[in-house]
>>> print(open('data-v5.cif').read())   # mmCIF, C-alpha atoms
data_data
#
loop_
_atom_site.group_PDB
_atom_site.id
_atom_site.type_symbol
_atom_site.label_atom_id
_atom_site.label_comp_id
_atom_site.auth_asym_id
_atom_site.auth_seq_id
_atom_site.Cartn_x
_atom_site.Cartn_y
_atom_site.Cartn_z
ATOM 1 C CA MET A 888 0.000 0.000 0.000
ATOM 2 C CA SER A 889 1.467 3.354 -0.982
ATOM 3 C CA LYS A 890 1.847 6.143 1.567
ATOM 4 C CA THR A 891 1.523 9.873 1.090
ATOM 5 C CA ILE A 892 4.134 12.187 2.580
ATOM 6 C CA THR A 893 4.667 15.924 2.537
ATOM 7 C CA LEU A 894 8.025 17.151 1.288
ATOM 8 C CA ARG A 895 9.087 20.780 1.468
ATOM 9 C CA LEU A 896 11.393 21.852 -1.383
ATOM 10 C CA SER A 897 12.982 25.155 -2.168
ATOM 11 C CA GLU A 898 11.634 26.792 -5.317
ATOM 12 C CA GLU A 899 14.975 26.163 -7.022
ATOM 13 C CA ASN A 900 15.006 22.430 -6.207
ATOM 14 C CA TYR A 901 11.361 22.075 -7.208
ATOM 15 C CA LYS A 902 12.086 23.571 -10.615
ATOM 16 C CA VAL A 903 15.039 21.226 -11.146
ATOM 17 C CA PHE A 904 13.023 18.137 -10.115
ATOM 18 C CA ARG A 905 10.013 19.232 -12.156
ATOM 19 C CA LYS A 906 12.171 19.778 -15.258
ATOM 20 C CA LEU A 907 13.846 16.366 -14.922
ATOM 21 C CA ALA A 908 10.545 14.604 -14.255
ATOM 22 C CA ASP A 909 8.963 16.288 -17.278
ATOM 23 C CA ARG A 910 11.898 15.251 -19.439
ATOM 24 C CA ASP A 911 11.196 11.601 -18.479
ATOM 25 C CA ASN A 912 7.435 12.158 -18.864
ATOM 26 C CA ARG A 913 6.627 11.049 -15.329
ATOM 27 C CA PRO A 914 5.264 12.552 -12.111
ATOM 28 C CA ILE A 915 7.654 14.470 -9.890
ATOM 29 C CA SER A 916 6.880 12.075 -7.003
ATOM 30 C CA ASN A 917 8.040 9.140 -9.118
ATOM 31 C CA PHE A 918 11.185 11.003 -10.120
ATOM 32 C CA ILE A 919 12.071 11.753 -6.480
ATOM 33 C CA GLU A 920 11.269 8.185 -5.343
ATOM 34 C CA THR A 921 13.455 6.702 -8.097
ATOM 35 C CA ALA A 922 16.313 9.119 -7.376
ATOM 36 C CA VAL A 923 16.269 8.248 -3.673
ATOM 37 C CA LYS A 924 16.213 4.504 -4.417
ATOM 38 C CA ARG A 925 19.201 4.866 -6.746
ATOM 39 C CA PHE A 926 21.079 6.876 -4.151
ATOM 40 C CA ILE A 927 20.496 4.201 -1.506
ATOM 41 C CA GLU A 928 21.496 1.380 -3.851
ATOM 42 C CA HIS A 929 24.737 3.134 -4.824
ATOM 43 C CA ASN A 930 25.717 4.546 -1.423
ATOM 44 C CA VAL A 931 24.362 2.220 1.243
ATOM 45 C CA PHE A 932 24.500 -1.319 -0.077
ATOM 46 C CA VAL A 933 27.573 -3.284 -1.096
ATOM 47 C CA ASP A 934 27.310 -4.861 -4.538
ATOM 48 C CA GLU A 935 27.943 -8.588 -5.051
ATOM 49 C CA PHE A 936 31.485 -8.077 -6.379
ATOM 50 C CA GLU A 937 32.502 -5.979 -3.365
ATOM 51 C CA MET A 938 30.903 -8.446 -0.953
ATOM 52 C CA GLU A 939 32.785 -11.362 -2.489
ATOM 53 C CA GLU A 940 36.005 -9.372 -2.230
ATOM 54 C CA ILE A 941 35.319 -8.694 1.462
ATOM 55 C CA ARG A 942 34.463 -12.339 2.175
ATOM 56 C CA SER A 943 37.624 -13.608 0.473
ATOM 57 C CA ASN A 944 39.985 -11.246 2.341
ATOM 58 C CA SER A 945 41.035 -13.278 5.398
ATOM 59 C CA GLU A 946 43.099 -10.473 6.973
ATOM 60 C CA LEU A 947 40.195 -8.052 6.706
ATOM 61 C CA ASN A 948 37.817 -10.619 8.221
ATOM 62 C CA LYS A 949 40.195 -11.254 11.149
ATOM 63 C CA SER A 950 40.408 -7.511 11.751
ATOM 64 C CA LEU A 951 36.628 -7.113 11.583
ATOM 65 C CA LYS A 952 36.145 -9.990 14.044
ATOM 66 C CA ARG A 953 38.687 -8.455 16.459
ATOM 67 C CA GLY A 954 36.891 -5.126 16.198
ATOM 68 C CA LEU A 955 33.525 -6.755 16.853
ATOM 69 C CA ALA A 956 34.922 -8.600 19.880
ATOM 70 C CA ASP A 957 36.454 -5.359 21.196
ATOM 71 C CA MET A 958 33.132 -3.592 20.744
ATOM 72 C CA LYS A 959 31.202 -6.324 22.557
ATOM 73 C CA SER A 960 33.657 -6.223 25.474
ATOM 74 C CA LYS A 961 33.486 -2.392 25.451
ATOM 75 C CA LYS A 962 37.201 -2.209 24.804
ATOM 76 C CA GLY A 963 38.392 1.112 23.401
ATOM 77 C CA ARG A 964 36.149 4.043 22.548
ATOM 78 C CA PHE A 965 34.002 5.087 19.662
ATOM 79 C CA VAL A 966 35.520 7.811 17.461
ATOM 80 C CA GLU A 967 33.354 9.784 15.065
#
>>> encode(input="data-v5.cif", output="structure tokens")
Amino acid sequence: MSKTITLRLSEENYKVFRKLADRDNRPISNFIETAVKRFIEHNVFVDEFEMEEIRSNSELNKSLKRGLADMKSKKGRFVE
């Protein structure tokens, strides 16, 4: 079931989104939804090739496991 949200945009951003949506002959809401999905896919998730590279790197995996163990035992401190 789709949900309705309210999104406040500056006039400048609205014009850019409207122009790009019109160029693709689709609603501005669809343009924004698709753009956000693409952003998430490219910036949040690891693709299959990268994941395989991570899994096959034994030194990296040892380091990650040590870091996880340190975190669970509250060893060290979190640095932003």
>>> resolve_selection(input="data-v5.cif", expression="the PyMOL selection byres ((chain A and resi 889) around 12)", output="MDAnalysis selection string")
chainID A and resid 888 890:892 916:917 920
>>> axis_aligned_box(input="data-v5.cif", around="region 932-942 of chain A", padding_each_side="5 Å", output="JSON")
{"center_x": 30.3, "center_y": -6.8, "center_z": -2.1, "size_x": 21.5, "size_y": 21.0, "size_z": 18.6}
>>> residues_around(input="data-v5.cif", residues="Ile919 (chain A)", least_positions_apart="6", cutoff="12 Å", atoms="all atoms listed in the file", output="NGL selection string")
:A and (894 or 896 or 900-901 or 903-908 or 913 or 925-926)
>>> atom_distance(input="data-v5.cif", atom1="CA of Val931 (chain A)", atom2="CA of Asp957 (chain A)")
24.5 Å
>>> atom_distance(input="data-v5.cif", atom1="CA of Ile927 (chain A)", atom2="CA of Lys959 (chain A)")
28.4 Å
>>> atom_distance(input="data-v5.cif", atom1="CA of Thr921 (chain A)", atom2="CA of Ile941 (chain A)")
28.4 Å
